[in-house]
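Undergrad: Provided below: run.tsv, containing TSV, C-alpha atoms.
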chain	number	residue	atom	x	y	z
Y	1	MET	CA	68.65	77.98	69.09
Y	2	ALA	CA	71.79	75.92	69.71
Y	3	MET	CA	74.77	76.34	67.40
Y	4	THR	CA	75.74	73.48	65.12
Y	5	GLU	CA	79.18	71.94	65.61
Y	6	HIS	CA	80.28	73.58	62.35
Y	7	GLU	CA	79.09	76.99	63.61
Y	8	LYS	CA	81.02	76.40	66.84
Y	9	LEU	CA	84.14	75.55	64.83
Y	10	LEU	CA	83.90	78.80	62.84
Y	11	ALA	CA	83.21	80.79	66.03
Y	12	GLY	CA	86.45	79.48	67.56
Y	13	GLN	CA	84.58	77.50	70.21
Y	14	GLU	CA	85.12	73.93	71.34
Y	15	TYR	CA	83.42	71.62	68.83
Y	16	ASP	CA	82.92	67.90	68.22
Y	17	TYR	CA	84.91	66.93	65.12
Y	18	ARG	CA	82.97	63.62	64.97
Y	19	ASP	CA	79.83	65.58	64.01
Y	20	LYS	CA	78.14	64.22	60.86
Y	21	GLU	CA	78.13	67.58	59.03
Y	22	ILE	CA	81.83	68.18	59.79
Y	23	GLN	CA	82.78	64.66	58.75
Y	24	GLY	CA	80.83	65.11	55.51
Y	25	LEU	CA	82.68	68.33	54.71
Y	26	LEU	CA	86.02	66.68	55.46
Y	27	SER	CA	85.17	63.66	53.33
Y	28	LYS	CA	84.12	65.76	50.34
Y	29	ALA	CA	87.30	67.85	50.63
Y	30	ARG	CA	89.50	64.72	50.71
Y	31	GLN	CA	87.80	63.47	47.55
Y	32	LEU	CA	88.19	66.79	45.69
Y	33	VAL	CA	91.80	67.30	46.84
Y	34	GLY	CA	92.51	63.79	45.55
Y	35	VAL	CA	91.17	64.76	42.11
Y	36	ILE	CA	93.13	68.03	42.12
Y	37	ASN	CA	96.37	66.24	42.96
Y	38	THR	CA	96.03	63.26	40.61
Y	39	THR	CA	94.07	64.12	37.48
Y	40	THR	CA	95.85	65.05	34.27
Y	41	ASP	CA	92.64	66.46	32.78
Y	42	ILE	CA	92.84	70.27	33.11
Y	43	ASN	CA	89.07	70.74	32.93
Y	44	GLU	CA	88.42	68.10	35.61
Y	45	ARG	CA	91.08	69.73	37.84
Y	46	GLN	CA	89.62	73.23	37.40
Y	47	ALA	CA	86.11	71.93	38.17
Y	48	ALA	CA	87.39	70.22	41.34
Y	49	ILE	CA	89.15	73.42	42.45
Y	50	LYS	CA	85.95	75.45	41.95
Y	51	ASP	CA	83.92	72.80	43.81
Y	52	LEU	CA	86.44	72.63	46.69
Y	53	LEU	CA	86.87	76.33	47.42
Y	54	ASN	CA	84.21	78.72	48.70
Y	55	LYS	CA	85.21	81.43	46.21
Y	56	THR	CA	87.68	81.54	43.38
Y	57	GLY	CA	88.52	84.77	41.63
Y	58	LYS	CA	89.64	85.15	38.04
Y	59	ASP	CA	92.88	83.48	36.96
Y	60	LEU	CA	93.63	81.31	40.00
Y	61	ALA	CA	96.77	79.23	39.43
Y	62	LEU	CA	97.13	76.27	41.77
Y	63	ASN	CA	100.51	74.81	40.87
Y	64	GLY	CA	101.30	71.25	41.87
Y	65	HIS	CA	100.24	69.36	45.01
Y	66	PHE	CA	97.79	71.14	47.35
Y	67	SER	CA	96.03	70.15	50.55
Y	68	ALA	CA	93.06	71.54	52.45
Y	69	LEU	CA	90.89	70.17	55.25
Y	70	TYR	CA	87.52	71.64	54.32
Y	71	GLY	CA	88.13	73.77	51.23
Y	72	LYS	CA	84.78	75.52	51.65
Y	73	HIS	CA	86.38	77.80	54.24
Y	74	ILE	CA	88.82	79.21	51.64
Y	75	SER	CA	88.06	82.30	49.54
Y	76	VAL	CA	90.53	83.46	46.89
Y	77	GLY	CA	90.65	86.77	45.00
Y	78	ASP	CA	91.73	87.50	41.42
Y	79	ASN	CA	95.14	86.66	39.92
Y	80	VAL	CA	96.30	84.44	42.78
Y	81	PHE	CA	99.22	82.02	42.38
Y	82	ILE	CA	99.64	79.18	44.91
Y	83	ASN	CA	102.78	77.13	44.36
Y	84	GLY	CA	103.21	73.39	45.01
Y	85	ASP	CA	103.06	71.54	48.31
Y	86	CYS	CA	101.06	74.20	50.13
Y	87	ALA	CA	98.78	73.11	52.98
Y	88	PHE	CA	95.74	75.11	54.07
Y	89	GLN	CA	94.55	73.74	57.42
Y	90	ASP	CA	91.28	75.64	57.02
Y	91	SER	CA	89.47	74.70	60.20
Y	92	ASN	CA	88.40	78.35	60.09
Y	93	LEU	CA	88.11	80.90	57.29
Y	94	ILE	CA	91.12	81.63	55.07
Y	95	THR	CA	90.74	84.67	52.82
Y	96	LEU	CA	93.23	85.67	50.13
Y	97	GLY	CA	92.96	89.05	48.40
Y	98	ASP	CA	93.85	89.88	44.82
Y	99	ARG	CA	97.32	89.34	43.32
Y	100	VAL	CA	98.59	87.09	46.11
Y	101	ILE	CA	101.64	84.91	45.39
Y	102	ILE	CA	102.31	81.98	47.74
Y	103	GLY	CA	105.64	80.18	47.53
Y	104	PRO	CA	106.03	76.39	47.75
Y	105	ASP	CA	105.75	74.48	51.02
Y	106	THR	CA	103.78	77.26	52.71
Y	107	LYS	CA	101.43	76.26	55.53
Y	108	LEU	CA	98.38	78.14	56.83
Y	109	TYR	CA	97.20	76.71	60.16
Y	110	CYS	CA	93.86	77.94	61.56
Y	111	GLY	CA	93.67	75.38	64.38
Y	112	GLY	CA	95.46	75.30	67.70
Y	113	HIS	CA	95.45	73.82	71.17
Y	114	SER	CA	95.90	75.06	74.71
Y	115	LEU	CA	99.38	75.74	76.08
Y	116	ASP	CA	98.08	74.09	79.28
Y	117	ALA	CA	98.48	70.34	78.73
Y	118	THR	CA	95.60	69.64	81.14
Y	119	LYS	CA	93.23	71.51	78.79
Y	120	ARG	CA	94.15	69.80	75.51
Y	121	PHE	CA	91.80	66.86	76.02
Y	122	GLY	CA	88.27	66.77	77.40
Y	123	THR	CA	86.26	63.85	78.73
Y	124	ARG	CA	82.91	62.84	77.29
Y	125	PRO	CA	80.07	61.64	79.58
Y	126	ASN	CA	80.97	58.03	78.71
Y	127	GLY	CA	84.61	58.57	79.80
Y	128	ASP	CA	86.12	58.78	76.30
Y	129	LYS	CA	88.75	61.46	75.75
Y	130	TYR	CA	88.52	63.96	72.90
Y	131	LEU	CA	90.95	66.53	71.50
Y	132	ILE	CA	90.04	70.15	72.24
Y	133	SER	CA	90.87	72.49	69.37
Y	134	VAL	CA	90.29	76.19	68.92
Y	135	THR	CA	90.26	77.85	65.52
Y	136	LYS	CA	90.90	81.37	64.27
Y	137	PRO	CA	90.67	82.81	60.75
Y	138	ILE	CA	93.56	83.95	58.56
Y	139	SER	CA	93.18	86.87	56.17
Y	140	ILE	CA	95.66	88.08	53.58
Y	141	GLY	CA	95.26	91.40	51.76
Y	142	ASP	CA	96.01	92.40	48.18
Y	143	ASP	CA	99.44	92.42	46.49
Y	144	VAL	CA	101.08	90.03	48.96
Y	145	TRP	CA	104.09	87.83	48.17
Y	146	ILE	CA	104.63	84.98	50.63
Y	147	GLY	CA	108.00	83.26	50.17
Y	148	GLY	CA	108.56	79.52	50.29
Y	149	ASN	CA	108.30	77.45	53.46
Y	150	VAL	CA	106.37	80.11	55.39
Y	151	THR	CA	104.04	79.21	58.26
Y	152	ILE	CA	101.06	81.44	59.15
Y	153	VAL	CA	99.02	80.69	62.26
Y	154	GLY	CA	95.34	81.31	63.00
Y	155	GLY	CA	94.18	84.74	64.06
Y	156	VAL	CA	96.69	86.55	61.83
Y	157	HIS	CA	95.73	89.34	59.44
Y	158	ILE	CA	98.30	90.20	56.78
Y	159	GLY	CA	97.77	93.62	55.24
Y	160	SER	CA	98.16	94.68	51.62
Y	161	ASN	CA	101.45	95.24	49.78
Y	162	VAL	CA	103.35	92.85	52.04
Y	163	VAL	CA	106.33	90.58	51.44
Y	164	ILE	CA	106.96	87.69	53.84
Y	165	ALA	CA	110.50	86.32	53.57
Y	166	ALA	CA	111.05	82.61	52.94
Y	167	GLY	CA	111.04	80.45	56.06
Y	168	ALA	CA	109.20	82.99	58.23
Y	169	VAL	CA	106.74	81.99	60.94
Y	170	VAL	CA	103.98	84.59	61.13
Y	171	THR	CA	102.32	84.66	64.56
Y	172	LYS	CA	101.11	88.28	64.67
Y	173	ASP	CA	99.32	90.69	62.35
Y	174	VAL	CA	101.41	92.27	59.60
Y	175	PRO	CA	100.62	95.90	58.65
Y	176	ASP	CA	100.28	97.17	55.09
Y	177	ASN	CA	103.45	98.04	53.17
Y	178	SER	CA	105.77	95.77	55.14
Y	179	LEU	CA	108.60	93.31	54.57
Y	180	VAL	CA	108.73	90.78	57.42
Y	181	GLY	CA	110.86	87.74	58.09
Y	182	GLY	CA	112.30	85.46	60.75
Y	183	VAL	CA	111.03	83.14	63.45
Y	184	PRO	CA	108.83	84.63	64.73
Y	185	ALA	CA	108.40	87.10	61.87
Y	186	LYS	CA	109.36	90.69	62.62
Y	187	LEU	CA	109.33	93.88	60.59
Y	188	ILE	CA	112.47	94.13	58.44
Y	189	ARG	CA	111.49	97.37	56.74
Y	190	GLU	CA	108.58	99.35	55.41
Y	191	LEU	CA	107.77	99.18	51.69
Y	192	PRO	CA	106.68	102.09	49.50
Y	193	ALA	CA	102.89	102.27	49.30
Y	194	ILE	CA	101.32	101.25	45.99
Y	195	LYS	CA	99.93	104.25	44.15
Translate this structure into structure tokens?
TA:
Amino acid sequence: MAMTEHEKLLAGQEYDYRDKEIQGLLSKARQLVGVINTTTDINERQAAIKDLLNKTGKDLALNGHFSALYGKHISVGDNVFINGDCAFQDSNLITLGDRVIIGPDTKLYCGGHSLDATKRFGTRPNGDKYLISVTKPISIGDDVWIGGNVTIVGGVHIGSNVVIAAGAVVTKDVPDNSLVGGVPAKLIRELPAIK
């Protein structure tokens, strides 16, 4: 049985973003994100957050403006705080553990394109060009503090008990009990394990 375009997207394969199912997911997410970012009714906002995300743990605090492409690809653990102006480009799965703190202006990007310019666009049978994207998941463990203005790219796993310094660009996995920072992010020092 052939994979749907959405299944291809989640598998990191080339997919057609014009697909009806994908466009429906994107449209619903835009509507819910609009409610989250504009309503002053706390109950309406909380309902939109729960409808947008795949999983929300206990005591999720989404502070200020937030953006997501699909929303349904995002799962959040307990006691998570996401500050304002964060963007989750969730063209693949984004998983946050428990007690994760995300500073303002942080970006999580699951999608990417080829370094080879000749492979960034394909040609359909009718001659039309289309953008070729590949996606990879992002996972973040428990007890993680991500400083402001951090960028995390697809395919990265951040362990538990991690601090990512403000302004870092995380392009590789981060082991448990680590403080990382810089562009690209590198190990600054190990942190004591949580007992």
Undergrad: Can you work out which one of Y:Gly77, Y:Gly155, Y:Gly182, Y:Gly34 has the shortest atom-to-atom distance to Y:Gly12, counting all atoms listed in the file?
TA: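 Between Y:Gly77, Y:Gly155, Y:Gly182, Y:Gly34, the residue approaching Y:Gly12 most closely is Y:Gly155.
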Undergrad: Please enclose the listed atoms of stretch 105-120 of chain Y in an axis-aligned box, pad each side by 4 Å, and write out the centre and the three edge lengths in Å, rounded to one decimal, as AutoDock Vina command-line options.
TA:
--center_x 99.5 --center_y 73.9 --center_z 66.1 --size_x 20.5 --size_y 16.5 --size_z 38.1
Undergrad: Could you check the closest approach to Y:Gly167 for each of Y:Glu14, Y:Asp143, Y:Asp105, Y:Asp128 and tell me which residue wins, using only C-alpha atoms?
TA: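 Smallest distance to Y:Gly167 is found for Y:Asp105.
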Undergrad: So how far away is atom CA of Y:Gly57 from atom CA of Y:Gly112, in Å?
TA: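 These atoms are spaced 28.6 Å apart.
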Undergrad: List every protein, DNA or RNA residue that has at least one atom no more than 12 Å from (116.9, 81.8, 63.1) in the file's coordinates, counting only C-alpha atoms, and write the result as a list in words.
TA: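 Those residues, ordered by chain and then number, are Ala166, Gly167, Ala168, Val169, Gly181, Gly182, Val183, Pro184, Ala185 and Lys186 of chain Y.
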Undergrad: Please identify all polymer residues within 8 Å of Y:His65, counting all atoms listed in the file, omitting same-chain residues fewer than 5 positions from it, and present them as a ChimeraX atom specification.
TA: /Y:36-37,84-86
Undergrad: Atom CA of Y:Gly97 to atom CA of Y:Val76: how many Å, to one decimal?
TA: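 Computed distance, atom CA of Y:Gly97 to atom CA of Y:Val76, equals 6.3 Å.
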Undergrad: For the atom pair atom CA of Y:Val100 and atom CA of Y:Val80, what is the interatomic distance in Å to one decimal place?
TA: 4.8 Å
Undergrad: Rank nothing, just name the residue among Y:Ile194, Y:Val144, Y:Glu44, Y:Ile138 nearest to Y:Asp173, using only C-alpha atoms.
TA: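 Residue with the minimum atom-to-atom distance to Y:Asp173: Y:Ile138.
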Undergrad: Write out as JSON, numbers by chain each polymer residue whose atoms come within 10 Å of Y:Lys20, counting only C-alpha atoms; drop sequence neighbours fewer than 6 positions from it.
TA: {"Y": [5, 6, 26]}
Undergrad: For Y:Phe121, find every residue with an atom within 12 Å (counting all atoms listed in the file), except residues of its own chain fewer than 2 positions away, and show them as JSON, numbers by chain.
TA: {"Y": [14, 16, 113, 114, 115, 116, 117, 118, 119, 123, 124, 127, 128, 129, 130, 131, 132, 133, 134]}
Undergrad: For those residues, write C-alpha atoms to a file as a CSV table (one decimal), in the frame of the given file.
TA:
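Here's the written file again.csv:
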chain,number,residue,atom,x,y,z
Y,14,GLU,CA,85.1,73.9,71.3
Y,16,ASP,CA,82.9,67.9,68.2
Y,113,HIS,CA,95.4,73.8,71.2
Y,114,SER,CA,95.9,75.1,74.7
Y,115,LEU,CA,99.4,75.7,76.1
Y,116,ASP,CA,98.1,74.1,79.3
Y,117,ALA,CA,98.5,70.3,78.7
Y,118,THR,CA,95.6,69.6,81.1
Y,119,LYS,CA,93.2,71.5,78.8
Y,123,THR,CA,86.3,63.8,78.7
Y,124,ARG,CA,82.9,62.8,77.3
Y,127,GLY,CA,84.6,58.6,79.8
Y,128,ASP,CA,86.1,58.8,76.3
Y,129,LYS,CA,88.8,61.5,75.8
Y,130,TYR,CA,88.5,64.0,72.9
Y,131,LEU,CA,91.0,66.5,71.5
Y,132,ILE,CA,90.0,70.2,72.2
Y,133,SER,CA,90.9,72.5,69.4
Y,134,VAL,CA,90.3,76.2,68.9
Undergrad: Taking (87.7, 80.9, 46.2) in the coordinates of the supplied file, I want to know which residues reach to within 9 Å of it, counting all atoms listed in the file; could you give the answer as a list of chain:residue names?
TA: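 Output of the proximity query reads Y:Ile49, Y:Lys50, Y:Leu52, Y:Leu53, Y:Asn54, Y:Lys55, Y:Thr56, Y:Gly57, Y:Leu60, Y:Gly71, Y:Lys72, Y:His73, Y:Ile74, Y:Ser75, Y:Val76, Y:Gly77, Y:Thr95, Y:Leu96.
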Undergrad: Hey, which of Y:Gly154, Y:Gly141, Y:Gly64, Y:Pro175 ends up closest to Y:Leu93? Count only C-alpha atoms.
TA: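 Checking each candidate against Y:Leu93, we get Y:Gly154 as the closest.
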Undergrad: Pick out the closest residue to Y:Asn177 from this set: Y:Ala165, Y:Cys110, Y:Val150, Y:Leu191. Count only C-alpha atoms.
TA: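 Answer, going by the shortest atom-to-atom distance: Y:Leu191.
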Undergrad: Could you rebuild stretch 159-179 of chain Y with N, CA, C and O atoms and give me the result as a PDB file, in the frame of the given file?
TA:
ATOM      1  N   GLY Y 159      98.270  92.482  56.011  1.00  0.00           N
ATOM      2  CA  GLY Y 159      97.770  93.620  55.240  1.00  0.00           C
ATOM      3  C   GLY Y 159      98.078  93.517  53.765  1.00  0.00           C
ATOM      4  O   GLY Y 159      98.510  92.473  53.267  1.00  0.00           O
ATOM      5  N   SER Y 160      97.902  94.615  53.063  1.00  0.00           N
ATOM      6  CA  SER Y 160      98.160  94.680  51.620  1.00  0.00           C
ATOM      7  C   SER Y 160      99.564  95.207  51.365  1.00  0.00           C
ATOM      8  O   SER Y 160     100.138  95.911  52.196  1.00  0.00           O
ATOM      9  N   ASN Y 161     100.098  94.850  50.186  1.00  0.00           N
ATOM     10  CA  ASN Y 161     101.450  95.240  49.780  1.00  0.00           C
ATOM     11  C   ASN Y 161     102.464  94.775  50.824  1.00  0.00           C
ATOM     12  O   ASN Y 161     103.201  95.554  51.415  1.00  0.00           O
ATOM     13  N   VAL Y 162     102.487  93.475  51.034  1.00  0.00           N
ATOM     14  CA  VAL Y 162     103.350  92.850  52.040  1.00  0.00           C
ATOM     15  C   VAL Y 162     104.209  91.787  51.370  1.00  0.00           C
ATOM     16  O   VAL Y 162     103.745  91.093  50.473  1.00  0.00           O
ATOM     17  N   VAL Y 163     105.459  91.674  51.828  1.00  0.00           N
ATOM     18  CA  VAL Y 163     106.330  90.580  51.440  1.00  0.00           C
ATOM     19  C   VAL Y 163     106.720  89.845  52.719  1.00  0.00           C
ATOM     20  O   VAL Y 163     107.145  90.469  53.699  1.00  0.00           O
ATOM     21  N   ILE Y 164     106.550  88.514  52.705  1.00  0.00           N
ATOM     22  CA  ILE Y 164     106.960  87.690  53.840  1.00  0.00           C
ATOM     23  C   ILE Y 164     108.123  86.833  53.360  1.00  0.00           C
ATOM     24  O   ILE Y 164     107.979  86.038  52.425  1.00  0.00           O
ATOM     25  N   ALA Y 165     109.275  87.010  53.990  1.00  0.00           N
ATOM     26  CA  ALA Y 165     110.500  86.320  53.570  1.00  0.00           C
ATOM     27  C   ALA Y 165     110.363  84.815  53.745  1.00  0.00           C
ATOM     28  O   ALA Y 165     109.683  84.329  54.654  1.00  0.00           O
ATOM     29  N   ALA Y 166     111.059  84.075  52.890  1.00  0.00           N
ATOM     30  CA  ALA Y 166     111.050  82.610  52.940  1.00  0.00           C
ATOM     31  C   ALA Y 166     111.431  82.122  54.327  1.00  0.00           C
ATOM     32  O   ALA Y 166     112.315  82.681  54.979  1.00  0.00           O
ATOM     33  N   GLY Y 167     110.741  81.086  54.779  1.00  0.00           N
ATOM     34  CA  GLY Y 167     111.040  80.450  56.060  1.00  0.00           C
ATOM     35  C   GLY Y 167     110.467  81.148  57.278  1.00  0.00           C
ATOM     36  O   GLY Y 167     110.635  80.671  58.400  1.00  0.00           O
ATOM     37  N   ALA Y 168     109.753  82.247  57.099  1.00  0.00           N
ATOM     38  CA  ALA Y 168     109.200  82.990  58.230  1.00  0.00           C
ATOM     39  C   ALA Y 168     108.071  82.228  58.902  1.00  0.00           C
ATOM     40  O   ALA Y 168     107.378  81.424  58.271  1.00  0.00           O
ATOM     41  N   VAL Y 169     107.877  82.496  60.187  1.00  0.00           N
ATOM     42  CA  VAL Y 169     106.740  81.990  60.940  1.00  0.00           C
ATOM     43  C   VAL Y 169     105.965  83.206  61.424  1.00  0.00           C
ATOM     44  O   VAL Y 169     106.447  83.958  62.275  1.00  0.00           O
ATOM     45  N   VAL Y 170     104.775  83.397  60.854  1.00  0.00           N
ATOM     46  CA  VAL Y 170     103.980  84.590  61.130  1.00  0.00           C
ATOM     47  C   VAL Y 170     102.979  84.284  62.227  1.00  0.00           C
ATOM     48  O   VAL Y 170     102.054  83.489  62.026  1.00  0.00           O
ATOM     49  N   THR Y 171     103.178  84.902  63.393  1.00  0.00           N
ATOM     50  CA  THR Y 171     102.320  84.660  64.560  1.00  0.00           C
ATOM     51  C   THR Y 171     101.522  85.883  64.970  1.00  0.00           C
ATOM     52  O   THR Y 171     100.679  85.788  65.860  1.00  0.00           O
ATOM     53  N   LYS Y 172     101.805  87.029  64.338  1.00  0.00           N
ATOM     54  CA  LYS Y 172     101.110  88.280  64.670  1.00  0.00           C
ATOM     55  C   LYS Y 172     100.723  88.995  63.391  1.00  0.00           C
ATOM     56  O   LYS Y 172     101.303  88.762  62.325  1.00  0.00           O
ATOM     57  N   ASP Y 173      99.763  89.914  63.505  1.00  0.00           N
ATOM     58  CA  ASP Y 173      99.320  90.690  62.350  1.00  0.00           C
ATOM     59  C   ASP Y 173     100.496  91.414  61.695  1.00  0.00           C
ATOM     60  O   ASP Y 173     101.450  91.820  62.368  1.00  0.00           O
ATOM     61  N   VAL Y 174     100.396  91.573  60.375  1.00  0.00           N
ATOM     62  CA  VAL Y 174     101.410  92.270  59.600  1.00  0.00           C
ATOM     63  C   VAL Y 174     100.739  93.486  58.953  1.00  0.00           C
ATOM     64  O   VAL Y 174      99.760  93.330  58.216  1.00  0.00           O
ATOM     65  N   PRO Y 175     101.256  94.707  59.214  1.00  0.00           N
ATOM     66  CA  PRO Y 175     100.620  95.900  58.650  1.00  0.00           C
ATOM     67  C   PRO Y 175     100.885  96.042  57.155  1.00  0.00           C
ATOM     68  O   PRO Y 175     101.811  95.440  56.605  1.00  0.00           O
ATOM     69  N   ASP Y 176     100.080  96.846  56.501  1.00  0.00           N
ATOM     70  CA  ASP Y 176     100.280  97.170  55.090  1.00  0.00           C
ATOM     71  C   ASP Y 176     101.714  97.648  54.850  1.00  0.00           C
ATOM     72  O   ASP Y 176     102.356  98.208  55.754  1.00  0.00           O
ATOM     73  N   ASN Y 177     102.178  97.468  53.620  1.00  0.00           N
ATOM     74  CA  ASN Y 177     103.450  98.040  53.170  1.00  0.00           C
ATOM     75  C   ASN Y 177     104.631  97.600  54.020  1.00  0.00           C
ATOM     76  O   ASN Y 177     105.437  98.412  54.459  1.00  0.00           O
ATOM     77  N   SER Y 178     104.729  96.287  54.250  1.00  0.00           N
ATOM     78  CA  SER Y 178     105.770  95.770  55.140  1.00  0.00           C
ATOM     79  C   SER Y 178     106.505  94.592  54.509  1.00  0.00           C
ATOM     80  O   SER Y 178     105.918  93.786  53.794  1.00  0.00           O
ATOM     81  N   LEU Y 179     107.793  94.490  54.836  1.00  0.00           N
ATOM     82  CA  LEU Y 179     108.600  93.310  54.570  1.00  0.00           C
ATOM     83  C   LEU Y 179     108.900  92.704  55.932  1.00  0.00           C
ATOM     84  O   LEU Y 179     109.468  93.376  56.805  1.00  0.00           O
TER      85      LEU Y 179
END
